Structures are given as structure tokens and as C-alpha cells.
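**Q** Structure file coords-v3.cif, mmCIF, C-alpha atoms, is pasted below:
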```
data_structure
#
loop_
_atom_site.label_atom_id
_atom_site.label_comp_id
_atom_site.auth_asym_id
_atom_site.auth_seq_id
_atom_site.Cartn_x
_atom_site.Cartn_y
_atom_site.Cartn_z
CA MET A 1 0.00 0.00 0.00
CA GLU A 2 2.83 2.36 0.88
CA ALA A 3 4.53 1.60 -2.43
CA ILE A 4 1.40 2.57 -4.31
CA TRP A 5 1.12 5.81 -2.33
CA LEU A 6 4.76 6.64 -3.06
CA TRP A 7 4.21 5.86 -6.76
CA PHE A 8 1.55 8.58 -6.93
CA ALA A 9 3.03 11.02 -4.40
CA GLU A 10 6.68 11.11 -5.44
CA PRO A 11 6.23 12.89 -8.78
CA LEU A 12 4.05 15.58 -7.17
CA GLN A 13 7.06 17.11 -5.42
CA TYR A 14 8.09 18.55 -8.79
CA GLU A 15 6.23 21.59 -10.09
CA PHE A 16 6.58 20.60 -13.73
CA ILE A 17 4.83 17.28 -13.03
CA ARG A 18 1.97 19.01 -11.22
CA LYS A 19 1.58 21.38 -14.17
CA ALA A 20 1.69 18.50 -16.64
CA ILE A 21 -0.96 16.50 -14.78
CA LEU A 22 -3.30 19.49 -14.53
CA VAL A 23 -2.92 20.50 -18.18
CA SER A 24 -3.22 16.90 -19.40
CA ALA A 25 -6.42 16.40 -17.39
CA ILE A 26 -8.01 19.58 -18.80
CA VAL A 27 -7.01 18.64 -22.34
CA GLY A 28 -8.37 15.14 -21.73
CA VAL A 29 -11.77 16.57 -20.82
CA VAL A 30 -11.98 18.84 -23.88
CA CYS A 31 -10.72 16.27 -26.39
CA SER A 32 -12.96 13.53 -25.01
CA ALA A 33 -16.09 15.70 -25.03
CA LEU A 34 -15.52 16.77 -28.62
CA SER A 35 -14.56 13.24 -29.67
CA CYS A 36 -18.15 12.08 -29.03
CA TYR A 37 -19.50 14.54 -31.59
CA ILE A 38 -16.72 13.75 -34.06
CA THR A 39 -17.44 10.02 -33.74
CA LEU A 40 -21.15 10.53 -34.46
CA LYS A 41 -20.38 12.88 -37.34
CA GLY A 42 -17.78 10.56 -38.85
CA TRP A 43 -15.10 13.24 -38.88
CA SER A 44 -12.14 11.17 -37.75
CA LEU A 45 -10.19 11.93 -40.93
CA MET A 46 -11.09 15.60 -40.59
CA GLY A 47 -9.46 15.68 -37.17
CA ASP A 48 -6.33 14.10 -38.63
CA ALA A 49 -6.26 16.60 -41.49
CA VAL A 50 -6.71 19.67 -39.29
CA SER A 51 -4.15 18.52 -36.72
CA HIS A 52 -1.44 18.19 -39.37
CA SER A 53 -2.38 21.43 -41.09
CA VAL A 54 -1.54 23.65 -38.11
CA LEU A 55 2.22 23.14 -38.50
CA PRO A 56 2.89 26.10 -40.87
CA GLY A 57 0.77 28.31 -38.62
CA VAL A 58 2.99 27.47 -35.66
CA VAL A 59 6.15 28.28 -37.61
CA LEU A 60 4.79 31.51 -39.07
CA SER A 61 3.70 32.60 -35.60
CA TYR A 62 7.26 32.10 -34.43
CA ILE A 63 8.61 34.12 -37.36
CA VAL A 64 6.37 37.14 -36.62
CA ASN A 65 6.75 36.69 -32.84
CA ALA A 66 3.04 35.97 -32.30
CA PRO A 67 1.42 33.35 -30.02
CA PHE A 68 1.55 29.91 -31.58
CA SER A 69 -2.15 29.40 -30.93
CA ILE A 70 -3.16 32.18 -33.32
CA GLY A 71 -1.30 30.78 -36.31
CA ALA A 72 -2.32 27.23 -35.47
CA PHE A 73 -6.01 28.16 -35.23
CA ILE A 74 -5.95 30.15 -38.49
CA PHE A 75 -4.33 27.34 -40.46
CA GLY A 76 -6.41 24.66 -38.77
CA LEU A 77 -9.72 26.32 -39.56
CA GLY A 78 -8.46 27.45 -42.97
CA SER A 79 -7.52 23.90 -43.93
CA ALA A 80 -10.96 22.62 -42.95
CA ILE A 81 -12.63 25.30 -45.06
CA GLY A 82 -10.21 24.54 -47.90
CA ILE A 83 -11.14 20.86 -47.80
CA GLY A 84 -14.81 21.80 -48.11
CA PHE A 85 -14.06 24.17 -50.99
CA VAL A 86 -12.10 21.56 -52.96
CA LYS A 87 -14.85 19.01 -52.42
CA SER A 88 -17.65 21.37 -53.50
CA GLN A 89 -15.89 22.93 -56.49
CA THR A 90 -14.25 19.86 -58.06
CA ARG A 91 -14.95 16.21 -58.75
CA ILE A 92 -12.53 15.23 -55.98
CA LYS A 93 -14.12 13.38 -53.07
CA GLU A 94 -13.73 14.46 -49.45
CA ASP A 95 -11.11 11.89 -48.45
CA ALA A 96 -8.87 12.86 -51.36
CA SER A 97 -9.42 16.55 -50.57
CA MET A 98 -8.29 15.96 -47.00
CA GLY A 99 -5.18 14.14 -48.15
CA ILE A 100 -4.23 16.90 -50.59
CA VAL A 101 -4.82 19.80 -48.21
CA PHE A 102 -3.30 18.46 -45.02
CA THR A 103 -0.21 16.96 -46.67
CA GLY A 104 0.33 20.20 -48.56
CA CYS A 105 0.08 22.26 -45.35
CA PHE A 106 2.27 19.83 -43.45
CA ALA A 107 4.91 19.94 -46.19
CA LEU A 108 4.81 23.75 -46.12
CA GLY A 109 5.44 23.66 -42.39
CA LEU A 110 8.43 21.37 -42.82
CA VAL A 111 9.91 23.65 -45.48
CA LEU A 112 9.40 26.72 -43.29
CA ILE A 113 11.11 24.99 -40.36
CA SER A 114 14.07 23.97 -42.53
CA LYS A 115 14.50 27.52 -43.89
CA THR A 116 13.90 29.46 -40.68
CA PRO A 117 16.81 29.81 -38.25
CA SER A 118 15.20 29.14 -34.91
CA ASN A 119 15.26 27.06 -31.77
CA ILE A 120 11.95 25.39 -32.64
CA ASP A 121 12.15 21.72 -31.73
CA LEU A 122 10.27 19.81 -34.41
CA GLN A 123 9.87 16.80 -32.10
CA HIS A 124 8.09 18.93 -29.49
CA ILE A 125 5.71 20.29 -32.14
CA LEU A 126 4.96 16.84 -33.51
CA PHE A 127 4.72 14.90 -30.25
CA GLY A 128 4.09 17.52 -27.56
CA ASN A 129 6.12 18.72 -24.58
CA VAL A 130 3.72 19.06 -21.68
CA LEU A 131 6.50 18.47 -19.15
CA GLY A 132 8.11 21.71 -20.28
CA ILE A 133 4.97 23.81 -20.53
CA SER A 134 5.28 27.45 -19.44
CA ASN A 135 2.83 29.41 -17.31
CA GLU A 136 1.81 31.44 -20.38
CA ASP A 137 1.08 28.29 -22.37
CA MET A 138 -0.87 26.87 -19.43
CA LEU A 139 -3.04 29.97 -19.26
CA GLN A 140 -3.56 29.84 -23.00
CA THR A 141 -4.59 26.18 -22.82
CA PHE A 142 -7.04 26.87 -19.98
CA ILE A 143 -8.64 29.79 -21.83
CA ILE A 144 -9.02 27.87 -25.09
CA SER A 145 -10.33 24.80 -23.27
CA GLY A 146 -12.81 26.92 -21.33
CA ILE A 147 -14.13 28.59 -24.49
CA THR A 148 -14.48 25.21 -26.20
CA LEU A 149 -16.27 23.54 -23.28
CA VAL A 150 -18.68 26.44 -22.76
CA THR A 151 -19.55 26.44 -26.47
CA ILE A 152 -20.15 22.68 -26.44
CA ILE A 153 -22.39 22.98 -23.39
CA VAL A 154 -24.43 25.84 -24.87
CA LEU A 155 -24.85 24.17 -28.28
CA ARG A 156 -24.85 20.56 -27.13
CA LYS A 157 -28.37 19.69 -28.30
CA ASP A 158 -28.04 21.43 -31.67
CA LEU A 159 -24.62 19.88 -32.28
CA LEU A 160 -25.91 16.44 -31.31
CA LEU A 161 -28.82 16.63 -33.75
CA PHE A 162 -26.56 18.03 -36.48
CA CYS A 163 -24.06 15.20 -36.03
CA PHE A 164 -26.68 12.47 -35.74
CA ASP A 165 -29.16 13.57 -38.42
CA PRO A 166 -28.28 16.80 -40.31
CA THR A 167 -31.29 16.42 -42.61
CA HIS A 168 -33.71 16.45 -39.68
CA ALA A 169 -31.78 19.32 -38.09
CA ARG A 170 -32.23 21.35 -41.29
CA SER A 171 -35.92 20.45 -41.53
CA ILE A 172 -36.70 21.86 -38.07
CA GLY A 173 -35.00 25.16 -38.85
CA LEU A 174 -31.48 24.75 -37.46
CA ASN A 175 -28.75 26.58 -39.31
CA THR A 176 -26.70 23.53 -40.27
CA GLN A 177 -24.12 25.59 -42.14
CA PHE A 178 -23.42 27.59 -38.98
CA LEU A 179 -23.21 24.39 -36.92
CA ASN A 180 -20.86 22.86 -39.47
CA TYR A 181 -18.41 25.77 -39.26
CA MET A 182 -18.84 25.98 -35.49
CA LEU A 183 -17.86 22.32 -35.14
CA LEU A 184 -14.86 22.93 -37.38
CA ALA A 185 -13.87 25.92 -35.24
CA LEU A 186 -14.20 23.85 -32.05
CA LEU A 187 -12.10 21.13 -33.65
CA SER A 188 -9.38 23.64 -34.50
CA LEU A 189 -9.47 25.18 -31.02
CA THR A 190 -9.24 21.79 -29.35
CA ILE A 191 -6.24 20.83 -31.46
CA VAL A 192 -4.55 24.09 -30.47
CA ALA A 193 -5.29 23.40 -26.79
CA ALA A 194 -3.98 19.83 -26.99
CA GLN A 195 -0.89 20.67 -29.02
CA GLN A 196 1.37 21.02 -25.97
CA THR A 197 0.18 17.73 -24.51
CA ALA A 198 0.19 15.32 -27.45
CA GLY A 199 1.60 17.31 -30.37
CA ILE A 200 0.00 17.67 -33.77
CA THR A 201 0.70 14.04 -34.66
CA LEU A 202 -0.85 12.30 -31.65
CA VAL A 203 -3.67 14.75 -30.89
CA VAL A 204 -5.91 13.04 -33.44
CA ALA A 205 -5.90 9.93 -31.20
CA MET A 206 -7.12 12.01 -28.24
CA LEU A 207 -9.87 13.37 -30.49
CA ILE A 208 -11.07 9.96 -31.69
CA THR A 209 -10.25 7.15 -29.28
CA PRO A 210 -12.26 8.18 -26.15
CA GLY A 211 -15.44 8.77 -28.15
CA ALA A 212 -15.00 5.60 -30.20
CA THR A 213 -14.43 3.55 -27.03
CA ALA A 214 -17.50 4.99 -25.32
CA TYR A 215 -19.54 4.40 -28.48
CA LEU A 216 -18.93 0.66 -28.10
CA LEU A 217 -20.10 0.71 -24.49
CA THR A 218 -23.42 2.55 -24.66
CA ASP A 219 -26.19 3.68 -27.00
CA ARG A 220 -27.07 6.75 -24.92
CA PHE A 221 -25.23 9.95 -25.75
CA ASP A 222 -25.15 11.32 -22.20
CA TRP A 223 -23.56 8.08 -20.98
CA MET A 224 -21.24 8.10 -23.96
CA LEU A 225 -20.08 11.61 -23.08
CA GLY A 226 -19.44 10.69 -19.44
CA ILE A 227 -17.55 7.51 -20.28
CA ALA A 228 -15.43 9.26 -22.90
CA VAL A 229 -14.47 12.07 -20.51
CA GLY A 230 -13.64 9.51 -17.80
CA ILE A 231 -11.38 7.59 -20.16
CA GLY A 232 -9.76 10.80 -21.39
CA VAL A 233 -8.98 12.16 -17.92
CA PHE A 234 -7.81 8.82 -16.52
CA SER A 235 -5.53 8.17 -19.51
CA SER A 236 -4.14 11.71 -19.41
CA VAL A 237 -3.33 11.64 -15.69
CA ILE A 238 -2.02 8.07 -15.47
CA GLY A 239 -0.18 8.47 -18.77
CA THR A 240 1.67 11.45 -17.30
CA TYR A 241 2.62 9.39 -14.24
CA LEU A 242 3.82 6.55 -16.46
CA SER A 243 5.94 8.90 -18.55
CA TYR A 244 7.63 10.11 -15.35
CA HIS A 245 8.31 6.68 -13.85
CA PHE A 246 9.42 5.05 -17.11
CA ASP A 247 11.06 8.14 -18.63
CA GLY A 248 8.98 7.93 -21.79
CA SER A 249 7.02 10.23 -24.04
CA THR A 250 4.10 11.81 -22.18
CA GLY A 251 1.89 12.17 -25.23
CA GLY A 252 2.76 8.66 -26.34
CA SER A 253 1.94 7.22 -22.92
CA ILE A 254 -1.44 8.97 -22.85
CA VAL A 255 -2.40 7.81 -26.33
CA LEU A 256 -1.15 4.26 -25.64
CA LEU A 257 -3.41 4.02 -22.57
CA MET A 258 -6.38 5.24 -24.60
CA THR A 259 -5.62 2.65 -27.26
CA LEU A 260 -5.46 -0.12 -24.66
CA PHE A 261 -8.86 0.97 -23.33
CA PHE A 262 -10.23 0.75 -26.87
CA ILE A 263 -8.77 -2.72 -27.53
CA VAL A 264 -10.16 -4.13 -24.27
CA THR A 265 -13.54 -2.53 -24.97
CA MET A 266 -13.59 -3.78 -28.55
CA VAL A 267 -13.15 -7.34 -27.30
CA PHE A 268 -15.17 -7.35 -24.06
CA ALA A 269 -17.91 -4.72 -24.53
CA PRO A 270 -21.12 -6.30 -23.16
CA LYS A 271 -23.28 -5.41 -26.17
CA HIS A 272 -21.03 -4.52 -29.10
CA GLY A 273 -17.81 -6.41 -28.24
CA LEU A 274 -16.24 -9.09 -30.41
CA LEU A 275 -16.84 -11.83 -27.83
CA ARG A 276 -20.50 -10.87 -27.50
CA ARG A 277 -20.88 -10.85 -31.28
CA ALA A 278 -19.25 -14.28 -31.56
CA LEU A 279 -21.60 -15.59 -28.87
CA ARG A 280 -24.64 -14.27 -30.72
CA LEU A 281 -23.47 -15.90 -33.95
CA GLN A 282 -22.91 -19.19 -32.16
CA GLN A 283 -26.37 -19.09 -30.63
CA ALA A 284 -27.93 -18.23 -33.98
CA LYS A 285 -26.37 -21.33 -35.55
CA LYS A 286 -27.79 -23.67 -32.90
CA PRO A 287 -30.83 -25.59 -34.18
CA VAL A 288 -34.13 -24.99 -32.44
CA PRO A 289 -35.19 -28.28 -30.75
CA GLY A 290 -38.83 -28.11 -31.82
CA VAL A 291 -37.89 -27.45 -35.42
CA VAL A 292 -35.43 -30.34 -35.44
CA GLN A 293 -38.04 -32.76 -34.05
CA SER A 294 -40.70 -31.71 -36.56
CA ILE A 295 -38.31 -32.20 -39.44
CA SER A 296 -37.22 -35.60 -38.18
#
```
As a first step, turn the structure in this file into C-alpha cells.
**A**
Amino acid sequence: MEAIWLWFAEPLQYEFIRKAILVSAIVGVVCSALSCYITLKGWSLMGDAVSHSVLPGVVLSYIVNAPFSIGAFIFGLGSAIGIGFVKSQTRIKEDASMGIVFTGCFALGLVLISKTPSNIDLQHILFGNVLGISNEDMLQTFIISGITLVTIIVLRKDLLLFCFDPTHARSIGLNTQFLNYMLLALLSLTIVAAQQTAGITLVVAMLITPGATAYLLTDRFDWMLGIAVGIGVFSSVIGTYLSYHFDGSTGGSIVLLMTLFFIVTMVFAPKHGLLRRALRLQQAKKPVPGVVQSIS
């Protein structure tokens, strides 16, 4: 028992660990809440595209000595709008549009980094550096997370209907175009908030895995939201502890825990798990005794 207590208490003597745990928990809440809407909407690839597209915004912000969040948000939202424009104005389908836009933006960011003399650590941008987060970045993360959560709470019913059935949402008078761009803006803001924790490469997992895991466990959205947030916060906090004790990547540890939750859920979920599905198939193949007797 004492060993377990020391395992949790020892890292807390360091301020940078306390900061990392707090920031990771907040980011876990925001990403997990939004992941439920993204899962229902089927925007997993959109999250991946936007997360990679913020790289040139981060570099340009450094060049003009502006906050990274501003450039990241502009390029994140701009890439999402660009994907929609390419899809609507050409014969290219949405998945191809995403691939073209986000790889182009990501390549631009890599070129800017290679041509800009700076102390920007590409690894920290790609994979996060929550253990080295500054007070200014913490405040920025809290503000962005707060704005995102408040917006989700205020528009939760409209966003849910838009994600679940946009045709019905339009028929009852909801402005689906506004909700579409609002969800894209929330996606961009969340990626900016989570950038320090998981980096632009791993943040997509934090935006997809909690919601997808909860989706396998329940058919009720309110339960789905609660389960996803619980998984996100637990993985973020324990993942930070694991990164300290095993001297590993914090973002990688968090995402790995989320992935393990998903794998276990995928296999053992009581209603939608693989074992339950196999059991139903086995029962369906069993002959009904009365039918067998009548045939014989």
C-alpha cells in the first residue's frame, strides 16, 4: 500500500509534473467531449487533417513573434474550409481533398522549419512537450479549453442533432451551415489546446479514441459523453505518471493508454464487443429443438 502511495506522491514534489498532470487532465476533458460529436459525425479523418495542417501556422507565428495558438487556429480552420471548398468545387471526393490539403500544409510547415533559423524543436511540435509547458502556455490552454467547453455545453443539443441527423436538423430550422463551421472551429481550437500535450501528430488519437471507445459501451449519448471524458482524464493523468516513472514520451503514454482501453472494450464490450458478437453468432447457428423434431 505504501509503495502505491509513493508511486503517486513522489512525482508531485516537482512543479513541472503538477503542471503536466493538470494540463493533461483539462485537455483530456476537452478532447474527449468533442470526440463524441466527431465520432457521431464521422469526422475522424477531418481531425487528422486539421491537426497536421496547423504546423505552418505554428512556424509563421514564431517568425512574426506571435502566439503559436493564433497561427495554429488560423491554419487549422483554414484547412478545414479549404477541404470543403475543394470538395464542393471539383470532382474530388472528401477523403482525397483531406489528403491533398493536409499533406500540402504539413509539407509547407516542414519547409518553413528547414529555412527558418530558430530554436523550434520539431519533435516537441509533432509529439508535444507538456513536461516543459510554461505558465503562459498553461493559461492559453485553460482559456481555449474553457471557451471550447462552454460552447459545447451551450450548443450541445443542436450539435448532437446536427451530427446524428443533419437532414432532420435542417428540416426543423437549425442553421446547419453555422453548426458545421462551429464544429470545425471547435475542432481547431481543441487541437490548439492539446498541441502542448500530445503534439499535432498524436492529438488526433485524443480526439477519436475516447469517443470511439465509449460508443462501443453505450447507446445513450449522455452516458457516452461521461464515459469518454472519464477515459480521457484517466488516460491523461495516469499516462503522465507513467511517462515520469518510465522516462517515456508523455503524449505517447497517454495515447497508448487510450488505445489499450479501446482494444479491451472492442473485445469485451457487453453489447457490441467481439466476444459478444461471436456468442450471438454461435447461438444463432444452434438448431431450435422443436424445429429439429418436426423435421425428423
**Q** So which one's closest to Gly248 (chain A), A:Val101, A:Ala269, A:Leu131, A:Cys163? Using all atoms listed in the file, please.
**A**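 Nearest to Gly248 (chain A): A:Leu131.
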**Q** Might you spell out which residues the PyMOL selection byres ((chain A and resi 73-75) around 8) would select in the displayed file, as a list in words?
**A** Ser53, Val54, Pro56, Gly57, Ser69, Ile70, Gly71, Ala72, Gly76, Leu77, Gly78, Ser79, Ser188, Leu189 and Val192 of chain A
**Q** Apply the PyMOL selection byres ((chain A and resi 215) around 12) to the displayed file and report the matching residues as a ChimeraX atom specification.
**A** /A:32,35-40,208-214,216-228,262,265-266,269,271-273
**Q** Find the spatial neighbours of region 83-92 of chain A, counting all atoms listed in the file, within a cut-off of 12 Å - ignore same-chain residues fewer than 3 positions away - and output them as a list of chain:residue names.
**A** A:Leu45, A:Met46, A:Gly47, A:Ala49, A:Val50, A:Ser53, A:Phe75, A:Gly76, A:Leu77, A:Gly78, A:Ser79, A:Ala80, A:Asp95, A:Ala96, A:Ser97, A:Met98, A:Gly99, A:Ile100, A:Val101, A:Phe102, A:Thr103, A:Gly104, A:Cys105, A:Gln177, A:Asn180, A:Tyr181, A:Leu184
**Q** Can you measure CA of Ala193 (chain A) to CA of Ser145 (chain A) for me? One decimal in Å is fine.
**A**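 For CA of Ala193 (chain A) relative to CA of Ser145 (chain A), the distance reads 6.3 Å.
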**Q** Missing atoms in region 51-84 of chain A: can you complete it with N, CA and C atoms, as a PDB file, keeping the file's coordinate frame?
**A**
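Contents of rebuild-v9.pdb, freshly written:
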```pdb
ATOM      1  N   SER A  51      -5.274  18.571 -37.660  1.00  0.00           N
ATOM      2  CA  SER A  51      -4.150  18.520 -36.720  1.00  0.00           C
ATOM      3  C   SER A  51      -2.812  18.658 -37.434  1.00  0.00           C
ATOM      4  N   HIS A  52      -2.692  18.079 -38.621  1.00  0.00           N
ATOM      5  CA  HIS A  52      -1.440  18.190 -39.370  1.00  0.00           C
ATOM      6  C   HIS A  52      -1.305  19.548 -40.063  1.00  0.00           C
ATOM      7  N   SER A  53      -2.418  20.184 -40.335  1.00  0.00           N
ATOM      8  CA  SER A  53      -2.380  21.430 -41.090  1.00  0.00           C
ATOM      9  C   SER A  53      -1.963  22.633 -40.264  1.00  0.00           C
ATOM     10  N   VAL A  54      -1.888  22.495 -38.945  1.00  0.00           N
ATOM     11  CA  VAL A  54      -1.540  23.650 -38.110  1.00  0.00           C
ATOM     12  C   VAL A  54      -0.042  23.920 -38.080  1.00  0.00           C
ATOM     13  N   LEU A  55       0.772  22.989 -38.594  1.00  0.00           N
ATOM     14  CA  LEU A  55       2.220  23.140 -38.500  1.00  0.00           C
ATOM     15  C   LEU A  55       2.736  24.447 -39.103  1.00  0.00           C
ATOM     16  N   PRO A  56       2.376  24.820 -40.349  1.00  0.00           N
ATOM     17  CA  PRO A  56       2.890  26.100 -40.870  1.00  0.00           C
ATOM     18  C   PRO A  56       2.421  27.295 -40.066  1.00  0.00           C
ATOM     19  N   GLY A  57       1.239  27.222 -39.462  1.00  0.00           N
ATOM     20  CA  GLY A  57       0.770  28.310 -38.620  1.00  0.00           C
ATOM     21  C   GLY A  57       1.639  28.507 -37.401  1.00  0.00           C
ATOM     22  N   VAL A  58       2.096  27.390 -36.816  1.00  0.00           N
ATOM     23  CA  VAL A  58       2.990  27.470 -35.660  1.00  0.00           C
ATOM     24  C   VAL A  58       4.310  28.129 -36.044  1.00  0.00           C
ATOM     25  N   VAL A  59       4.864  27.733 -37.180  1.00  0.00           N
ATOM     26  CA  VAL A  59       6.150  28.280 -37.610  1.00  0.00           C
ATOM     27  C   VAL A  59       6.036  29.749 -37.972  1.00  0.00           C
ATOM     28  N   LEU A  60       4.976  30.115 -38.695  1.00  0.00           N
ATOM     29  CA  LEU A  60       4.790  31.510 -39.070  1.00  0.00           C
ATOM     30  C   LEU A  60       4.566  32.386 -37.839  1.00  0.00           C
ATOM     31  N   SER A  61       3.889  31.845 -36.846  1.00  0.00           N
ATOM     32  CA  SER A  61       3.700  32.600 -35.600  1.00  0.00           C
ATOM     33  C   SER A  61       5.042  32.870 -34.935  1.00  0.00           C
ATOM     34  N   TYR A  62       5.913  31.901 -34.986  1.00  0.00           N
ATOM     35  CA  TYR A  62       7.260  32.100 -34.430  1.00  0.00           C
ATOM     36  C   TYR A  62       8.008  33.179 -35.200  1.00  0.00           C
ATOM     37  N   ILE A  63       7.879  33.167 -36.522  1.00  0.00           N
ATOM     38  CA  ILE A  63       8.610  34.120 -37.360  1.00  0.00           C
ATOM     39  C   ILE A  63       8.181  35.554 -37.050  1.00  0.00           C
ATOM     40  N   VAL A  64       6.882  35.782 -36.867  1.00  0.00           N
ATOM     41  CA  VAL A  64       6.370  37.140 -36.620  1.00  0.00           C
ATOM     42  C   VAL A  64       6.252  37.433 -35.126  1.00  0.00           C
ATOM     43  N   ASN A  65       6.751  36.506 -34.299  1.00  0.00           N
ATOM     44  CA  ASN A  65       6.750  36.690 -32.840  1.00  0.00           C
ATOM     45  C   ASN A  65       5.329  36.845 -32.287  1.00  0.00           C
ATOM     46  N   ALA A  66       4.430  35.981 -32.765  1.00  0.00           N
ATOM     47  CA  ALA A  66       3.040  35.970 -32.300  1.00  0.00           C
ATOM     48  C   ALA A  66       2.792  34.663 -31.547  1.00  0.00           C
ATOM     49  N   PRO A  67       1.746  34.602 -30.720  1.00  0.00           N
ATOM     50  CA  PRO A  67       1.420  33.350 -30.020  1.00  0.00           C
ATOM     51  C   PRO A  67       1.171  32.216 -31.004  1.00  0.00           C
ATOM     52  N   PHE A  68       1.714  31.059 -30.691  1.00  0.00           N
ATOM     53  CA  PHE A  68       1.550  29.910 -31.580  1.00  0.00           C
ATOM     54  C   PHE A  68       0.090  29.567 -31.826  1.00  0.00           C
ATOM     55  N   SER A  69      -0.743  29.795 -30.821  1.00  0.00           N
ATOM     56  CA  SER A  69      -2.150  29.400 -30.930  1.00  0.00           C
ATOM     57  C   SER A  69      -2.874  30.143 -32.042  1.00  0.00           C
ATOM     58  N   ILE A  70      -2.478  31.396 -32.286  1.00  0.00           N
ATOM     59  CA  ILE A  70      -3.160  32.180 -33.320  1.00  0.00           C
ATOM     60  C   ILE A  70      -2.904  31.586 -34.696  1.00  0.00           C
ATOM     61  N   GLY A  71      -1.624  31.371 -35.016  1.00  0.00           N
ATOM     62  CA  GLY A  71      -1.300  30.780 -36.310  1.00  0.00           C
ATOM     63  C   GLY A  71      -1.866  29.389 -36.471  1.00  0.00           C
ATOM     64  N   ALA A  72      -1.808  28.589 -35.397  1.00  0.00           N
ATOM     65  CA  ALA A  72      -2.320  27.230 -35.470  1.00  0.00           C
ATOM     66  C   ALA A  72      -3.824  27.220 -35.725  1.00  0.00           C
ATOM     67  N   PHE A  73      -4.557  28.111 -35.044  1.00  0.00           N
ATOM     68  CA  PHE A  73      -6.010  28.160 -35.230  1.00  0.00           C
ATOM     69  C   PHE A  73      -6.367  28.616 -36.648  1.00  0.00           C
ATOM     70  N   ILE A  74      -5.669  29.631 -37.157  1.00  0.00           N
ATOM     71  CA  ILE A  74      -5.950  30.150 -38.490  1.00  0.00           C
ATOM     72  C   ILE A  74      -5.739  29.065 -39.551  1.00  0.00           C
ATOM     73  N   PHE A  75      -4.609  28.377 -39.461  1.00  0.00           N
ATOM     74  CA  PHE A  75      -4.330  27.340 -40.460  1.00  0.00           C
ATOM     75  C   PHE A  75      -5.209  26.114 -40.250  1.00  0.00           C
ATOM     76  N   GLY A  76      -5.541  25.794 -39.007  1.00  0.00           N
ATOM     77  CA  GLY A  76      -6.410  24.660 -38.770  1.00  0.00           C
ATOM     78  C   GLY A  76      -7.799  24.873 -39.340  1.00  0.00           C
ATOM     79  N   LEU A  77      -8.393  26.019 -39.034  1.00  0.00           N
ATOM     80  CA  LEU A  77      -9.720  26.320 -39.560  1.00  0.00           C
ATOM     81  C   LEU A  77      -9.659  26.535 -41.068  1.00  0.00           C
ATOM     82  N   GLY A  78      -8.599  27.207 -41.538  1.00  0.00           N
ATOM     83  CA  GLY A  78      -8.460  27.450 -42.970  1.00  0.00           C
ATOM     84  C   GLY A  78      -8.349  26.158 -43.767  1.00  0.00           C
ATOM     85  N   SER A  79      -7.648  25.180 -43.223  1.00  0.00           N
ATOM     86  CA  SER A  79      -7.520  23.900 -43.930  1.00  0.00           C
ATOM     87  C   SER A  79      -8.861  23.179 -44.015  1.00  0.00           C
ATOM     88  N   ALA A  80      -9.637  23.252 -42.934  1.00  0.00           N
ATOM     89  CA  ALA A  80     -10.960  22.620 -42.950  1.00  0.00           C
ATOM     90  C   ALA A  80     -11.869  23.266 -43.985  1.00  0.00           C
ATOM     91  N   ILE A  81     -11.831  24.595 -44.055  1.00  0.00           N
ATOM     92  CA  ILE A  81     -12.630  25.300 -45.060  1.00  0.00           C
ATOM     93  C   ILE A  81     -12.112  24.970 -46.459  1.00  0.00           C
ATOM     94  N   GLY A  82     -10.787  24.880 -46.603  1.00  0.00           N
ATOM     95  CA  GLY A  82     -10.210  24.540 -47.900  1.00  0.00           C
ATOM     96  C   GLY A  82     -10.619  23.160 -48.376  1.00  0.00           C
ATOM     97  N   ILE A  83     -10.699  22.210 -47.445  1.00  0.00           N
ATOM     98  CA  ILE A  83     -11.140  20.860 -47.800  1.00  0.00           C
ATOM     99  C   ILE A  83     -12.573  20.897 -48.337  1.00  0.00           C
ATOM    100  N   GLY A  84     -13.429  21.664 -47.642  1.00  0.00           N
ATOM    101  CA  GLY A  84     -14.810  21.800 -48.110  1.00  0.00           C
ATOM    102  C   GLY A  84     -14.903  22.468 -49.464  1.00  0.00           C
TER     103      GLY A  84
END
```
